[in-house]
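Structure file start-v5.pdb (PDB, C-alpha atoms) is printed below.
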MODEL        1
ATOM      1  CA  MET N   1     113.465 125.502 -43.420
ATOM      2  CA  VAL N   2     116.641 127.254 -44.554
ATOM      3  CA  GLN N   3     119.773 125.096 -44.357
ATOM      4  CA  ARG N   4     122.365 127.408 -42.853
ATOM      5  CA  VAL N   5     125.898 126.521 -43.896
ATOM      6  CA  VAL N   6     127.449 127.052 -40.482
ATOM      7  CA  VAL N   7     124.882 124.795 -38.789
ATOM      8  CA  SER N   8     125.467 122.009 -41.292
ATOM      9  CA  LYS N   9     129.231 122.240 -40.847
ATOM     10  CA  LEU N  10     128.975 122.128 -37.061
ATOM     11  CA  LEU N  11     126.676 119.122 -37.016
ATOM     12  CA  ASN N  12     128.593 117.134 -39.625
ATOM     13  CA  SER N  13     132.135 117.697 -38.399
ATOM     14  CA  SER N  14     133.926 114.775 -36.752
ATOM     15  CA  ARG N  15     135.541 117.161 -34.236
ATOM     16  CA  PRO N  16     134.551 120.478 -32.655
ATOM     17  CA  LEU N  17     135.024 123.386 -35.049
ATOM     18  CA  VAL N  18     137.306 126.138 -33.777
ATOM     19  CA  PHE N  19     136.370 129.835 -33.946
ATOM     20  CA  GLY N  20     139.048 132.401 -33.110
ATOM     21  CA  MET N  21     138.096 135.739 -31.595
ATOM     22  CA  ILE N  22     139.229 139.112 -32.911
ATOM     23  CA  HIS N  23     138.815 141.586 -30.075
ATOM     24  CA  VAL N  24     138.579 144.748 -32.149
ATOM     25  CA  PRO N  25     140.517 147.684 -30.587
ATOM     26  CA  ALA N  26     138.407 150.258 -28.778
ATOM     27  CA  LEU N  27     136.239 152.035 -31.309
ATOM     28  CA  PRO N  28     135.657 155.778 -31.828
ATOM     29  CA  GLY N  29     133.615 157.378 -29.086
ATOM     30  CA  THR N  30     134.465 154.797 -26.412
ATOM     31  CA  PRO N  31     136.566 155.672 -23.352
ATOM     32  CA  SER N  32     139.595 153.531 -24.285
ATOM     33  CA  ASN N  33     139.807 154.559 -27.937
ATOM     34  CA  THR N  34     143.286 155.726 -28.973
ATOM     35  CA  LEU N  35     143.599 154.510 -32.565
ATOM     36  CA  PRO N  36     142.160 155.966 -35.771
ATOM     37  CA  MET N  37     139.959 153.679 -37.834
ATOM     38  CA  SER N  38     142.742 153.046 -40.339
ATOM     39  CA  ALA N  39     144.943 151.534 -37.607
ATOM     40  CA  ILE N  40     142.033 149.571 -36.130
ATOM     41  CA  LEU N  41     141.217 148.022 -39.492
ATOM     42  CA  LYS N  42     144.867 147.222 -40.160
ATOM     43  CA  LYS N  43     145.002 145.309 -36.868
ATOM     44  CA  VAL N  44     141.767 143.454 -37.627
ATOM     45  CA  ARG N  45     143.106 142.369 -41.009
ATOM     46  CA  LYS N  46     146.419 141.291 -39.495
ATOM     47  CA  GLU N  47     144.723 139.141 -36.851
ATOM     48  CA  ALA N  48     142.318 137.612 -39.366
ATOM     49  CA  ASP N  49     145.267 136.695 -41.602
ATOM     50  CA  VAL N  50     147.040 135.028 -38.666
ATOM     51  CA  TYR N  51     143.961 133.016 -37.764
ATOM     52  CA  PHE N  52     143.197 131.796 -41.265
ATOM     53  CA  LYS N  53     146.832 130.987 -42.049
ATOM     54  CA  ASN N  54     146.919 128.799 -38.945
ATOM     55  CA  GLY N  55     143.891 126.752 -39.929
ATOM     56  CA  VAL N  56     141.050 127.838 -37.672
ATOM     57  CA  ASP N  57     137.587 126.924 -38.940
ATOM     58  CA  GLY N  58     136.119 130.354 -38.407
ATOM     59  CA  VAL N  59     136.657 133.812 -36.910
ATOM     60  CA  ILE N  60     134.384 136.148 -34.950
ATOM     61  CA  VAL N  61     134.825 139.929 -34.634
ATOM     62  CA  GLU N  62     133.730 141.518 -31.365
ATOM     63  CA  ASN N  63     134.074 145.023 -29.906
ATOM     64  CA  MET N  64     135.288 143.747 -26.548
ATOM     65  CA  HIS N  65     137.595 146.695 -25.876
ATOM     66  CA  ASP N  66     134.629 149.110 -25.865
ATOM     67  CA  VAL N  67     134.250 148.912 -22.077
ATOM     68  CA  PRO N  68     132.150 149.972 -20.309
ATOM     69  CA  TYR N  69     129.424 148.590 -22.550
ATOM     70  CA  VAL N  70     126.003 150.115 -23.061
ATOM     71  CA  LYS N  71     122.675 148.527 -23.810
ATOM     72  CA  PRO N  72     121.276 148.683 -27.348
ATOM     73  CA  PRO N  73     120.746 150.401 -29.634
ATOM     74  CA  ALA N  74     124.421 150.705 -30.540
ATOM     75  CA  ASN N  75     125.573 154.113 -31.720
ATOM     76  CA  PRO N  76     125.910 154.692 -35.480
ATOM     77  CA  GLU N  77     129.709 154.984 -35.327
ATOM     78  CA  ILE N  78     129.936 151.551 -33.649
ATOM     79  CA  ILE N  79     127.778 149.932 -36.315
ATOM     80  CA  SER N  80     129.790 151.611 -39.063
ATOM     81  CA  ALA N  81     133.117 150.612 -37.507
ATOM     82  CA  MET N  82     132.051 146.993 -37.010
ATOM     83  CA  SER N  83     130.859 146.885 -40.622
ATOM     84  CA  LEU N  84     134.305 147.971 -41.777
ATOM     85  CA  ALA N  85     135.947 145.418 -39.471
ATOM     86  CA  SER N  86     133.680 142.689 -40.830
ATOM     87  CA  ASP N  87     134.619 143.641 -44.367
ATOM     88  CA  GLN N  88     138.294 143.177 -43.491
ATOM     89  CA  LEU N  89     137.484 139.776 -42.008
ATOM     90  CA  VAL N  90     135.693 138.669 -45.173
ATOM     91  CA  LYS N  91     138.536 139.874 -47.398
ATOM     92  CA  SER N  92     141.047 137.938 -45.301
ATOM     93  CA  ARG N  93     138.902 134.813 -45.448
ATOM     94  CA  ASP N  94     138.604 135.042 -49.224
ATOM     95  CA  ALA N  95     142.359 135.515 -49.582
ATOM     96  CA  HIS N  96     143.557 132.801 -47.212
ATOM     97  CA  HIS N  97     140.806 130.338 -46.309
ATOM     98  CA  PRO N  98     137.792 130.405 -48.659
ATOM     99  CA  GLY N  99     134.951 128.474 -47.105
ATOM    100  CA  ALA N 100     135.908 129.324 -43.549
ATOM    101  CA  LEU N 101     133.116 130.657 -41.343
ATOM    102  CA  THR N 102     132.746 134.239 -40.154
ATOM    103  CA  GLY N 103     130.651 135.799 -37.414
ATOM    104  CA  ILE N 104     130.100 138.884 -35.301
ATOM    105  CA  GLN N 105     129.041 139.982 -31.840
ATOM    106  CA  ILE N 106     128.326 143.617 -31.012
ATOM    107  CA  LEU N 107     128.349 144.424 -27.306
ATOM    108  CA  ALA N 108     126.267 144.788 -25.387
ATOM    109  CA  ALA N 109     123.333 142.754 -26.668
ATOM    110  CA  ALA N 110     123.232 144.714 -29.936
ATOM    111  CA  ASN N 111     121.874 141.678 -31.705
ATOM    112  CA  ARG N 112     119.735 143.506 -34.257
ATOM    113  CA  GLU N 113     122.695 145.672 -35.242
ATOM    114  CA  ALA N 114     124.900 142.570 -35.532
ATOM    115  CA  MET N 115     122.342 140.952 -37.813
ATOM    116  CA  GLY N 116     122.331 144.009 -40.079
ATOM    117  CA  VAL N 117     126.128 144.042 -40.263
ATOM    118  CA  ALA N 118     126.301 140.285 -40.887
ATOM    119  CA  TYR N 119     123.806 140.519 -43.731
ATOM    120  CA  THR N 120     125.389 143.500 -45.471
ATOM    121  CA  THR N 121     128.991 142.259 -45.185
ATOM    122  CA  GLY N 122     128.432 138.579 -45.943
ATOM    123  CA  LEU N 123     129.032 136.956 -42.561
ATOM    124  CA  ASP N 124     127.634 133.539 -41.669
ATOM    125  CA  PHE N 125     126.320 134.065 -38.145
ATOM    126  CA  ILE N 126     125.926 136.307 -35.128
ATOM    127  CA  ARG N 127     126.507 135.613 -31.451
ATOM    128  CA  ALA N 128     123.496 136.918 -29.547
ATOM    129  CA  GLU N 129     122.879 137.843 -25.926
ATOM    130  CA  GLY N 130     119.497 137.639 -24.214
ATOM    131  CA  PHE N 131     117.823 135.671 -26.997
ATOM    132  CA  VAL N 132     115.427 133.890 -24.641
ATOM    133  CA  TYR N 133     114.507 134.894 -21.087
ATOM    134  CA  SER N 134     116.085 137.930 -19.474
ATOM    135  CA  HIS N 135     119.042 138.510 -17.179
ATOM    136  CA  VAL N 136     120.936 141.204 -15.331
ATOM    137  CA  ALA N 137     124.319 142.127 -16.797
ATOM    138  CA  ASP N 138     126.735 144.831 -15.706
ATOM    139  CA  GLU N 139     125.043 147.077 -18.292
ATOM    140  CA  GLY N 140     121.674 146.530 -16.582
ATOM    141  CA  TRP N 141     118.570 144.532 -17.458
ATOM    142  CA  ILE N 142     118.792 142.644 -20.764
ATOM    143  CA  ASP N 143     115.470 141.592 -22.294
ATOM    144  CA  GLY N 144     114.812 138.527 -24.407
ATOM    145  CA  CYS N 145     114.819 139.424 -28.099
ATOM    146  CA  ALA N 146     114.025 136.299 -30.120
ATOM    147  CA  GLY N 147     110.765 137.491 -31.642
ATOM    148  CA  GLY N 148     111.982 140.891 -32.759
ATOM    149  CA  LEU N 149     115.394 139.695 -33.910
ATOM    150  CA  LEU N 150     114.106 136.890 -36.107
ATOM    151  CA  ARG N 151     111.393 139.084 -37.587
ATOM    152  CA  TYR N 152     114.109 141.572 -38.464
ATOM    153  CA  ARG N 153     116.149 138.787 -40.073
ATOM    154  CA  SER N 154     113.111 137.788 -42.118
ATOM    155  CA  SER N 155     112.485 141.372 -43.190
ATOM    156  CA  LEU N 156     116.047 141.544 -44.542
ATOM    157  CA  LYS N 157     115.689 138.168 -46.264
ATOM    158  CA  ALA N 158     118.818 137.228 -44.315
ATOM    159  CA  ASP N 159     117.700 133.724 -43.423
ATOM    160  CA  HIS N 160     121.137 132.359 -44.268
ATOM    161  CA  VAL N 161     122.608 134.232 -41.259
ATOM    162  CA  ALA N 162     122.570 131.893 -38.256
ATOM    163  CA  VAL N 163     121.927 132.989 -34.665
ATOM    164  CA  PHE N 164     123.924 131.349 -31.889
ATOM    165  CA  THR N 165     122.913 132.465 -28.425
ATOM    166  CA  ASP N 166     124.526 132.352 -25.028
ATOM    167  CA  ILE N 167     122.452 130.688 -22.314
ATOM    168  CA  LYS N 168     123.036 131.481 -18.638
ATOM    169  CA  LYS N 169     125.482 134.020 -20.067
ATOM    170  CA  LYS N 170     128.839 134.869 -18.474
ATOM    171  CA  HIS N 171     129.279 138.204 -16.674
ATOM    172  CA  SER N 172     125.616 138.113 -15.688
ATOM    173  CA  ALA N 173     123.302 137.350 -12.769
ATOM    174  CA  HIS N 174     120.605 134.743 -13.329
ATOM    175  CA  SER N 175     118.661 134.701 -10.066
ATOM    176  CA  VAL N 176     115.493 135.717 -11.877
ATOM    177  CA  THR N 177     115.687 132.484 -13.904
ATOM    178  CA  ALA N 178     117.120 130.311 -11.123
ATOM    179  CA  ASP N 179     114.150 127.931 -11.491
ATOM    180  CA  VAL N 180     114.976 127.382 -15.189
ATOM    181  CA  SER N 181     117.796 124.898 -15.735
ATOM    182  CA  ILE N 182     120.400 125.442 -18.429
ATOM    183  CA  GLN N 183     118.953 122.395 -20.195
ATOM    184  CA  GLU N 184     115.469 123.905 -20.236
ATOM    185  CA  MET N 185     116.872 127.191 -21.467
ATOM    186  CA  ALA N 186     118.587 125.363 -24.328
ATOM    187  CA  LYS N 187     115.320 123.649 -25.217
ATOM    188  CA  ASP N 188     113.536 126.991 -25.203
ATOM    189  CA  ALA N 189     116.211 128.562 -27.378
ATOM    190  CA  LYS N 190     115.720 125.787 -29.902
ATOM    191  CA  PHE N 191     111.916 126.108 -29.679
ATOM    192  CA  ASN N 192     112.269 129.841 -30.353
ATOM    193  CA  CYS N 193     114.263 129.125 -33.533
ATOM    194  CA  ALA N 194     117.847 129.796 -32.465
ATOM    195  CA  ASP N 195     120.392 127.952 -34.608
ATOM    196  CA  GLY N 196     122.550 126.852 -31.691
ATOM    197  CA  VAL N 197     123.470 127.639 -28.104
ATOM    198  CA  ILE N 198     126.688 128.687 -26.380
ATOM    199  CA  VAL N 199     127.683 127.428 -22.931
ATOM    200  CA  THR N 200     130.203 129.510 -20.962
ATOM    201  CA  GLY N 201     131.866 129.818 -17.596
ATOM    202  CA  SER N 202     131.207 132.743 -15.303
ATOM    203  CA  ALA N 203     133.586 135.156 -17.041
ATOM    204  CA  THR N 204     135.869 135.610 -20.050
ATOM    205  CA  GLY N 205     138.609 132.985 -19.855
ATOM    206  CA  SER N 206     136.739 130.915 -17.251
ATOM    207  CA  ALA N 207     136.063 127.331 -18.256
ATOM    208  CA  ALA N 208     132.522 126.129 -18.763
ATOM    209  CA  SER N 209     131.136 123.210 -16.778
ATOM    210  CA  THR N 210     131.393 119.819 -18.454
ATOM    211  CA  GLU N 211     128.256 118.788 -16.570
ATOM    212  CA  GLU N 212     126.301 121.756 -17.918
ATOM    213  CA  MET N 213     127.529 120.918 -21.422
ATOM    214  CA  SER N 214     126.332 117.336 -20.981
ATOM    215  CA  GLN N 215     122.939 118.499 -19.696
ATOM    216  CA  VAL N 216     122.474 120.719 -22.734
ATOM    217  CA  LEU N 217     123.566 117.999 -25.170
ATOM    218  CA  ARG N 218     121.085 115.591 -23.582
ATOM    219  CA  GLY N 219     118.309 118.151 -23.818
ATOM    220  CA  VAL N 220     118.617 119.071 -27.503
ATOM    221  CA  SER N 221     119.401 116.820 -30.439
ATOM    222  CA  GLU N 222     120.666 117.745 -33.900
ATOM    223  CA  PHE N 223     121.307 121.230 -32.548
ATOM    224  CA  PRO N 224     124.731 122.897 -32.304
ATOM    225  CA  VAL N 225     126.162 123.325 -28.825
ATOM    226  CA  LEU N 226     129.291 125.494 -28.599
ATOM    227  CA  ILE N 227     131.635 126.222 -25.711
ATOM    228  CA  GLY N 228     132.154 129.964 -25.447
ATOM    229  CA  SER N 229     134.814 130.562 -22.806
ATOM    230  CA  GLY N 230     137.833 129.024 -21.140
ATOM    231  CA  ILE N 231     138.786 126.466 -23.787
ATOM    232  CA  ASN N 232     142.506 125.690 -23.964
ATOM    233  CA  GLY N 233     144.853 122.925 -25.008
ATOM    234  CA  LYS N 234     144.667 121.290 -21.592
ATOM    235  CA  ASN N 235     140.888 120.964 -21.327
ATOM    236  CA  ALA N 236     139.756 120.750 -24.964
ATOM    237  CA  ARG N 237     139.450 116.966 -24.747
ATOM    238  CA  ASP N 238     136.997 117.335 -21.840
ATOM    239  CA  PHE N 239     134.628 119.234 -24.143
ATOM    240  CA  VAL N 240     135.077 117.108 -27.260
ATOM    241  CA  LYS N 241     131.356 116.267 -27.431
ATOM    242  CA  ALA N 242     130.546 119.918 -28.159
ATOM    243  CA  HIS N 243     130.116 120.979 -31.772
ATOM    244  CA  GLY N 244     132.310 124.059 -31.564
ATOM    245  CA  PHE N 245     134.879 125.962 -29.516
ATOM    246  CA  ILE N 246     135.012 129.770 -29.390
ATOM    247  CA  VAL N 247     138.552 130.652 -28.317
ATOM    248  CA  GLY N 248     139.895 134.083 -27.450
ATOM    249  CA  SER N 249     142.129 134.207 -24.387
ATOM    250  CA  ASP N 250     144.110 131.029 -25.070
ATOM    251  CA  PHE N 251     145.178 132.306 -28.501
ATOM    252  CA  LYS N 252     146.785 135.439 -27.016
ATOM    253  CA  ILE N 253     150.263 135.916 -25.583
ATOM    254  CA  GLY N 254     150.220 134.617 -22.023
ATOM    255  CA  GLY N 255     146.603 133.505 -22.386
ATOM    256  CA  ASP N 256     145.337 137.047 -21.711
ATOM    257  CA  TRP N 257     142.560 138.319 -24.008
ATOM    258  CA  LYS N 258     143.979 141.859 -23.940
ATOM    259  CA  ASN N 259     147.298 140.786 -25.493
ATOM    260  CA  GLU N 260     148.397 140.246 -29.087
ATOM    261  CA  LEU N 261     147.724 137.002 -30.926
ATOM    262  CA  ASP N 262     150.319 134.236 -30.574
ATOM    263  CA  ALA N 263     150.478 132.288 -33.842
ATOM    264  CA  SER N 264     152.359 129.422 -32.200
ATOM    265  CA  ARG N 265     149.582 128.919 -29.652
ATOM    266  CA  ILE N 266     146.968 128.850 -32.414
ATOM    267  CA  SER N 267     148.949 126.359 -34.497
ATOM    268  CA  LYS N 268     149.576 124.092 -31.500
ATOM    269  CA  PHE N 269     145.920 124.199 -30.466
ATOM    270  CA  MET N 270     144.723 123.342 -33.966
ATOM    271  CA  ARG N 271     147.090 120.360 -34.171
ATOM    272  CA  HIS N 272     145.646 119.114 -30.888
ATOM    273  CA  VAL N 273     142.006 119.622 -31.900
ATOM    274  CA  ASN N 274     142.595 117.941 -35.251
ATOM    275  CA  SER N 275     143.504 114.802 -33.318
ATOM    276  CA  LEU N 276     140.212 114.779 -31.417
ATOM    277  CA  LYS N 277     137.071 112.939 -32.476
ATOM    278  CA  ARG N 278     133.571 113.545 -31.202
TER     279      ARG N 278
ENDMDL
END
The structure in this file should be written as structure tokens.
Amino acid sequence: MVQRVVVSKLLNSSRPLVFGMIHVPALPGTPSNTLPMSAILKKVRKEADVYFKNGVDGVIVENMHDVPYVKPPANPEIISAMSLASDQLVKSRDAHHPGALTGIQILAAANREAMGVAYTTGLDFIRAEGFVYSHVADEGWIDGCAGGLLRYRSSLKADHVAVFTDIKKKHSAHSVTADVSIQEMAKDAKFNCADGVIVTGSATGSAASTEEMSQVLRGVSEFPVLIGSGINGKNARDFVKAHGFIVGSDFKIGGDWKNELDASRISKFMRHVNSLKR
């Protein structure tokens, strides 16, 4: 089996690895778009530089400002724009923090497109939605995609690109899988060859449940478990048993994901996390 670098780093770290989020400005063709691509890419590069200079372990690009989201397939201009954004991320990494980890999520549930971008631009992983089971999101019904996505990865010979998947995903209804616990869903994600799972709260910026994290950790061994929302300096210690933290809101001015990055918040958070031990 392929040894994916990001998985090895997560499992062997003595503390949770920290991944900062770049919420790419609204892209061409979306309702909130106001910036040309040149300005969008300049902002992506600036934020990546700030993250890497302040010692985060990895950075993820995501088209979060493209609300309202649509179900896949993503439009060609979105794929092209996210490819260019990913290229800026990689260039920043190489300039400031070689060896840091890089990833991508393309909303909504454009997992195949994210895999293609990750492979062609040299990213380490994707964050996937709807990998196993199905759920209802505000975009509508999201189908499980594990079989098709991993066959696509194999067809590209992109086995080095890891897939981390949300389970009981935020901003979604899960009544259809109410009889499947989050622990069982994590087990099924591992059985279906995911490289790790992401536990979240109910919405962006909302803290995950420590009990749900513990259930997942008990259910899967030697398998990365990341916390994907609501992590901050005050509660990071509560989630220290996780392998990774994905942080967006807390790294922004005022703790609001829509605001600019605050380098002092990133630096302070990293000093705190560096003192933690799993």
### Task
Please evaluate the PyMOL selection byres ((chain N and resi 159-175) around 6) against the structure above and give the resulting residues as a PyMOL selection string.
chain N and resi 4+124-129+135-137+157-158+176-178+194-198+201-203
Contact residues around range 112-119 of chain N with all atoms listed in the file at 8 Å, ignoring same-chain residues under 3 positions, as a short mmCIF file (atom, residue, chain, number, x, y, z; two decimals) with C-alpha atoms, keeping the file's coordinate frame:
data_model
loop_
_atom_site.label_atom_id
_atom_site.label_comp_id
_atom_site.auth_asym_id
_atom_site.auth_seq_id
_atom_site.Cartn_x
_atom_site.Cartn_y
_atom_site.Cartn_z
CA PRO N 73 120.75 150.40 -29.63
CA ALA N 74 124.42 150.71 -30.54
CA ILE N 79 127.78 149.93 -36.32
CA MET N 82 132.05 146.99 -37.01
CA SER N 83 130.86 146.88 -40.62
CA SER N 86 133.68 142.69 -40.83
CA GLY N 103 130.65 135.80 -37.41
CA ILE N 104 130.10 138.88 -35.30
CA GLN N 105 129.04 139.98 -31.84
CA ILE N 106 128.33 143.62 -31.01
CA GLY N 122 128.43 138.58 -45.94
CA LEU N 123 129.03 136.96 -42.56
CA ASP N 124 127.63 133.54 -41.67
CA PHE N 125 126.32 134.06 -38.15
CA ILE N 126 125.93 136.31 -35.13
CA LEU N 149 115.39 139.70 -33.91
CA TYR N 152 114.11 141.57 -38.46
CA ARG N 153 116.15 138.79 -40.07
CA LEU N 156 116.05 141.54 -44.54
CA ALA N 158 118.82 137.23 -44.32
CA VAL N 161 122.61 134.23 -41.26
#
#### Entry: Target residues per the PyMOL selection byres ((chain N and resi 188) around 12), formatted as a list of chain:residue names
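Output from the PyMOL selection byres ((chain N and resi 188) around 12), applied to this file: N:Phe131, N:Val132, N:Tyr133, N:Gly144, N:Ala146, N:Thr165, N:Ile167, N:Val180, N:Ser181, N:Ile182, N:Gln183, N:Glu184, N:Met185, N:Ala186, N:Lys187, N:Ala189, N:Lys190, N:Phe191, N:Asn192, N:Cys193, N:Ala194, N:Asp195, N:Gly196, N:Val197, N:Val216, N:Gly219, N:Val220.
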Please evaluate the PyMOL selection byres ((chain N and resi 49) around 9) against the displayed coordinates and give the resulting residues as a compact mmCIF listing (two decimals) with C-alpha atoms, keeping the file's coordinate frame.
# COMPACT_ATOMS: atom_id res chain seq x y z
CA VAL N 44 141.77 143.45 -37.63
CA ARG N 45 143.11 142.37 -41.01
CA LYS N 46 146.42 141.29 -39.49
CA GLU N 47 144.72 139.14 -36.85
CA ALA N 48 142.32 137.61 -39.37
CA VAL N 50 147.04 135.03 -38.67
CA TYR N 51 143.96 133.02 -37.76
CA PHE N 52 143.20 131.80 -41.26
CA LYS N 53 146.83 130.99 -42.05
CA ASN N 54 146.92 128.80 -38.94
CA LEU N 89 137.48 139.78 -42.01
CA SER N 92 141.05 137.94 -45.30
CA ARG N 93 138.90 134.81 -45.45
CA ALA N 95 142.36 135.51 -49.58
CA HIS N 96 143.56 132.80 -47.21
### Message
Counting all atoms listed in the file, which residues sit no farther than 8 Å from the position (133.1, 119.4, -26.0) in the file's frame? I'd like them as an MDAnalysis selection string.
### Response
chainID N and resid 16 210 213 226:227 236:245 278
Write a file of the selected residues as a tab-separated table (two decimals), in the coordinates of the input, keeping C-alpha atoms.
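Contents of result26.tsv, freshly written:
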chain	number	residue	atom	x	y	z
N	16	PRO	CA	134.55	120.48	-32.66
N	210	THR	CA	131.39	119.82	-18.45
N	213	MET	CA	127.53	120.92	-21.42
N	226	LEU	CA	129.29	125.49	-28.60
N	227	ILE	CA	131.64	126.22	-25.71
N	236	ALA	CA	139.76	120.75	-24.96
N	237	ARG	CA	139.45	116.97	-24.75
N	238	ASP	CA	137.00	117.34	-21.84
N	239	PHE	CA	134.63	119.23	-24.14
N	240	VAL	CA	135.08	117.11	-27.26
N	241	LYS	CA	131.36	116.27	-27.43
N	242	ALA	CA	130.55	119.92	-28.16
N	243	HIS	CA	130.12	120.98	-31.77
N	244	GLY	CA	132.31	124.06	-31.56
N	245	PHE	CA	134.88	125.96	-29.52
N	278	ARG	CA	133.57	113.54	-31.20
#### Entry: Point-to-point distance in Å for CA of Ile78 in chain N and CA of Gly29 in chain N
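For CA of Gly29 in chain N relative to CA of Ile78 in chain N, the distance reads 8.3 Å.
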### Query
N:Pro25, N:Gly233, N:Pro72, N:Gly254: which is nearest His272 in chain N, counting only C-alpha atoms?
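Among N:Pro25, N:Gly233, N:Pro72, N:Gly254, it is N:Gly233 that comes nearest to His272 in chain N.
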Env of Ile231 in chain N: 9 Å cut, atoms = all atoms listed in the file, seq-sep filter 6 positions within chain, self excluded. Answer as a PDB file with C-alpha atoms, in the coordinates of the input.
ATOM      1  CA  GLY N 205     138.609 132.985 -19.855  1.00  0.00           C
ATOM      2  CA  SER N 206     136.739 130.915 -17.251  1.00  0.00           C
ATOM      3  CA  ALA N 207     136.063 127.331 -18.256  1.00  0.00           C
ATOM      4  CA  ALA N 208     132.522 126.129 -18.763  1.00  0.00           C
ATOM      5  CA  PHE N 239     134.628 119.234 -24.143  1.00  0.00           C
ATOM      6  CA  PHE N 245     134.879 125.962 -29.516  1.00  0.00           C
ATOM      7  CA  ILE N 246     135.012 129.770 -29.390  1.00  0.00           C
ATOM      8  CA  VAL N 247     138.552 130.652 -28.317  1.00  0.00           C
ATOM      9  CA  GLY N 248     139.895 134.083 -27.450  1.00  0.00           C
ATOM     10  CA  SER N 249     142.129 134.207 -24.387  1.00  0.00           C
ATOM     11  CA  ASP N 250     144.110 131.029 -25.070  1.00  0.00           C
TER      12      ASP N 250
END
### Task
Check the smallest atom-to-atom distance from each of N:Ser8, N:Thr120, N:Thr102, N:Ser13 to Asn274 in chain N using all atoms listed in the file, then report the winner.
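Comparing N:Ser8, N:Thr120, N:Thr102, N:Ser13 against Asn274 in chain N, the winner is N:Ser13.
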### Query
Which residue out of N:Met64, N:His97, N:Leu27, N:Asp179 has the minimum interatomic distance to Leu84 in chain N when only C-alpha atoms are used?
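Closest to Leu84 in chain N of all the choices is N:Leu27.
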### Message
Restricting the calculation to all atoms listed in the file: of N:Asn12, N:Ser209, N:Ser264, N:Thr34, which residue gets closest to Asn235 in chain N?
### Response
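Of N:Asn12, N:Ser209, N:Ser264, N:Thr34, the one nearest Asn235 in chain N, counting all atoms listed in the file, is N:Ser209.
Distance check against Ala81 in chain N using all atoms listed in the file: of N:Leu261, N:Val24, N:Val59, N:Leu107, the minimum falls on N:Val24.
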## Note on the structure
Students should find that CA of Val56 in chain N and CA of Val18 in chain N are spaced 5.7 Å
### Query
Of the residues N:Phe251, N:Lys258, N:Lys234, N:Glu211, which is the one nearest to Asp66 in chain N, using all atoms listed in the file?
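The shortest atom-to-atom distance to Asp66 in chain N comes from N:Lys258.
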## Note on the structure
Separating CA of Asn75 in chain N from CA of Asn63 in chain N, to the nearest tenth of an Å, is a gap of 12.6 Å
### Query
Residues at most 6 Å from Asp57 in chain N, counting only C-alpha atoms, excluding those fewer than 3 positions away in the same chain, as number ranges by chain?
N: 17-19, 100
Residue completion, range 189-201 of chain N, N, CA and C atoms, as a PDB file, in the coordinates of the input:
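The result, stored in out.pdb:
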ATOM      1  N   ALA N 189     115.517 127.871 -26.295  1.00  0.00           N
ATOM      2  CA  ALA N 189     116.211 128.562 -27.378  1.00  0.00           C
ATOM      3  C   ALA N 189     115.951 127.863 -28.703  1.00  0.00           C
ATOM      4  N   LYS N 190     116.003 126.540 -28.682  1.00  0.00           N
ATOM      5  CA  LYS N 190     115.720 125.787 -29.902  1.00  0.00           C
ATOM      6  C   LYS N 190     114.268 125.976 -30.329  1.00  0.00           C
ATOM      7  N   PHE N 191     113.336 125.914 -29.372  1.00  0.00           N
ATOM      8  CA  PHE N 191     111.916 126.108 -29.679  1.00  0.00           C
ATOM      9  C   PHE N 191     111.677 127.477 -30.303  1.00  0.00           C
ATOM     10  N   ASN N 192     112.431 128.478 -29.843  1.00  0.00           N
ATOM     11  CA  ASN N 192     112.269 129.841 -30.353  1.00  0.00           C
ATOM     12  C   ASN N 192     113.161 130.126 -31.559  1.00  0.00           C
ATOM     13  N   CYS N 193     113.632 129.046 -32.206  1.00  0.00           N
ATOM     14  CA  CYS N 193     114.263 129.125 -33.533  1.00  0.00           C
ATOM     15  C   CYS N 193     115.681 129.666 -33.543  1.00  0.00           C
ATOM     16  N   ALA N 194     116.407 129.549 -32.415  1.00  0.00           N
ATOM     17  CA  ALA N 194     117.847 129.796 -32.465  1.00  0.00           C
ATOM     18  C   ALA N 194     118.474 128.703 -33.326  1.00  0.00           C
ATOM     19  N   ASP N 195     119.681 128.940 -33.797  1.00  0.00           N
ATOM     20  CA  ASP N 195     120.392 127.952 -34.608  1.00  0.00           C
ATOM     21  C   ASP N 195     121.421 127.175 -33.809  1.00  0.00           C
ATOM     22  N   GLY N 196     121.616 127.544 -32.557  1.00  0.00           N
ATOM     23  CA  GLY N 196     122.550 126.852 -31.691  1.00  0.00           C
ATOM     24  C   GLY N 196     122.693 127.627 -30.401  1.00  0.00           C
ATOM     25  N   VAL N 197     123.285 126.986 -29.389  1.00  0.00           N
ATOM     26  CA  VAL N 197     123.470 127.639 -28.104  1.00  0.00           C
ATOM     27  C   VAL N 197     124.945 127.600 -27.712  1.00  0.00           C
ATOM     28  N   ILE N 198     125.306 128.537 -26.832  1.00  0.00           N
ATOM     29  CA  ILE N 198     126.688 128.687 -26.380  1.00  0.00           C
ATOM     30  C   ILE N 198     126.702 128.570 -24.858  1.00  0.00           C
ATOM     31  N   VAL N 199     127.523 127.652 -24.365  1.00  0.00           N
ATOM     32  CA  VAL N 199     127.683 127.428 -22.931  1.00  0.00           C
ATOM     33  C   VAL N 199     129.005 128.043 -22.498  1.00  0.00           C
ATOM     34  N   THR N 200     128.991 128.828 -21.421  1.00  0.00           N
ATOM     35  CA  THR N 200     130.203 129.510 -20.962  1.00  0.00           C
ATOM     36  C   THR N 200     130.435 129.268 -19.482  1.00  0.00           C
ATOM     37  N   GLY N 201     131.618 129.714 -19.019  1.00  0.00           N
ATOM     38  CA  GLY N 201     131.866 129.818 -17.596  1.00  0.00           C
ATOM     39  C   GLY N 201     131.306 131.124 -17.088  1.00  0.00           C
TER      40      GLY N 201
END
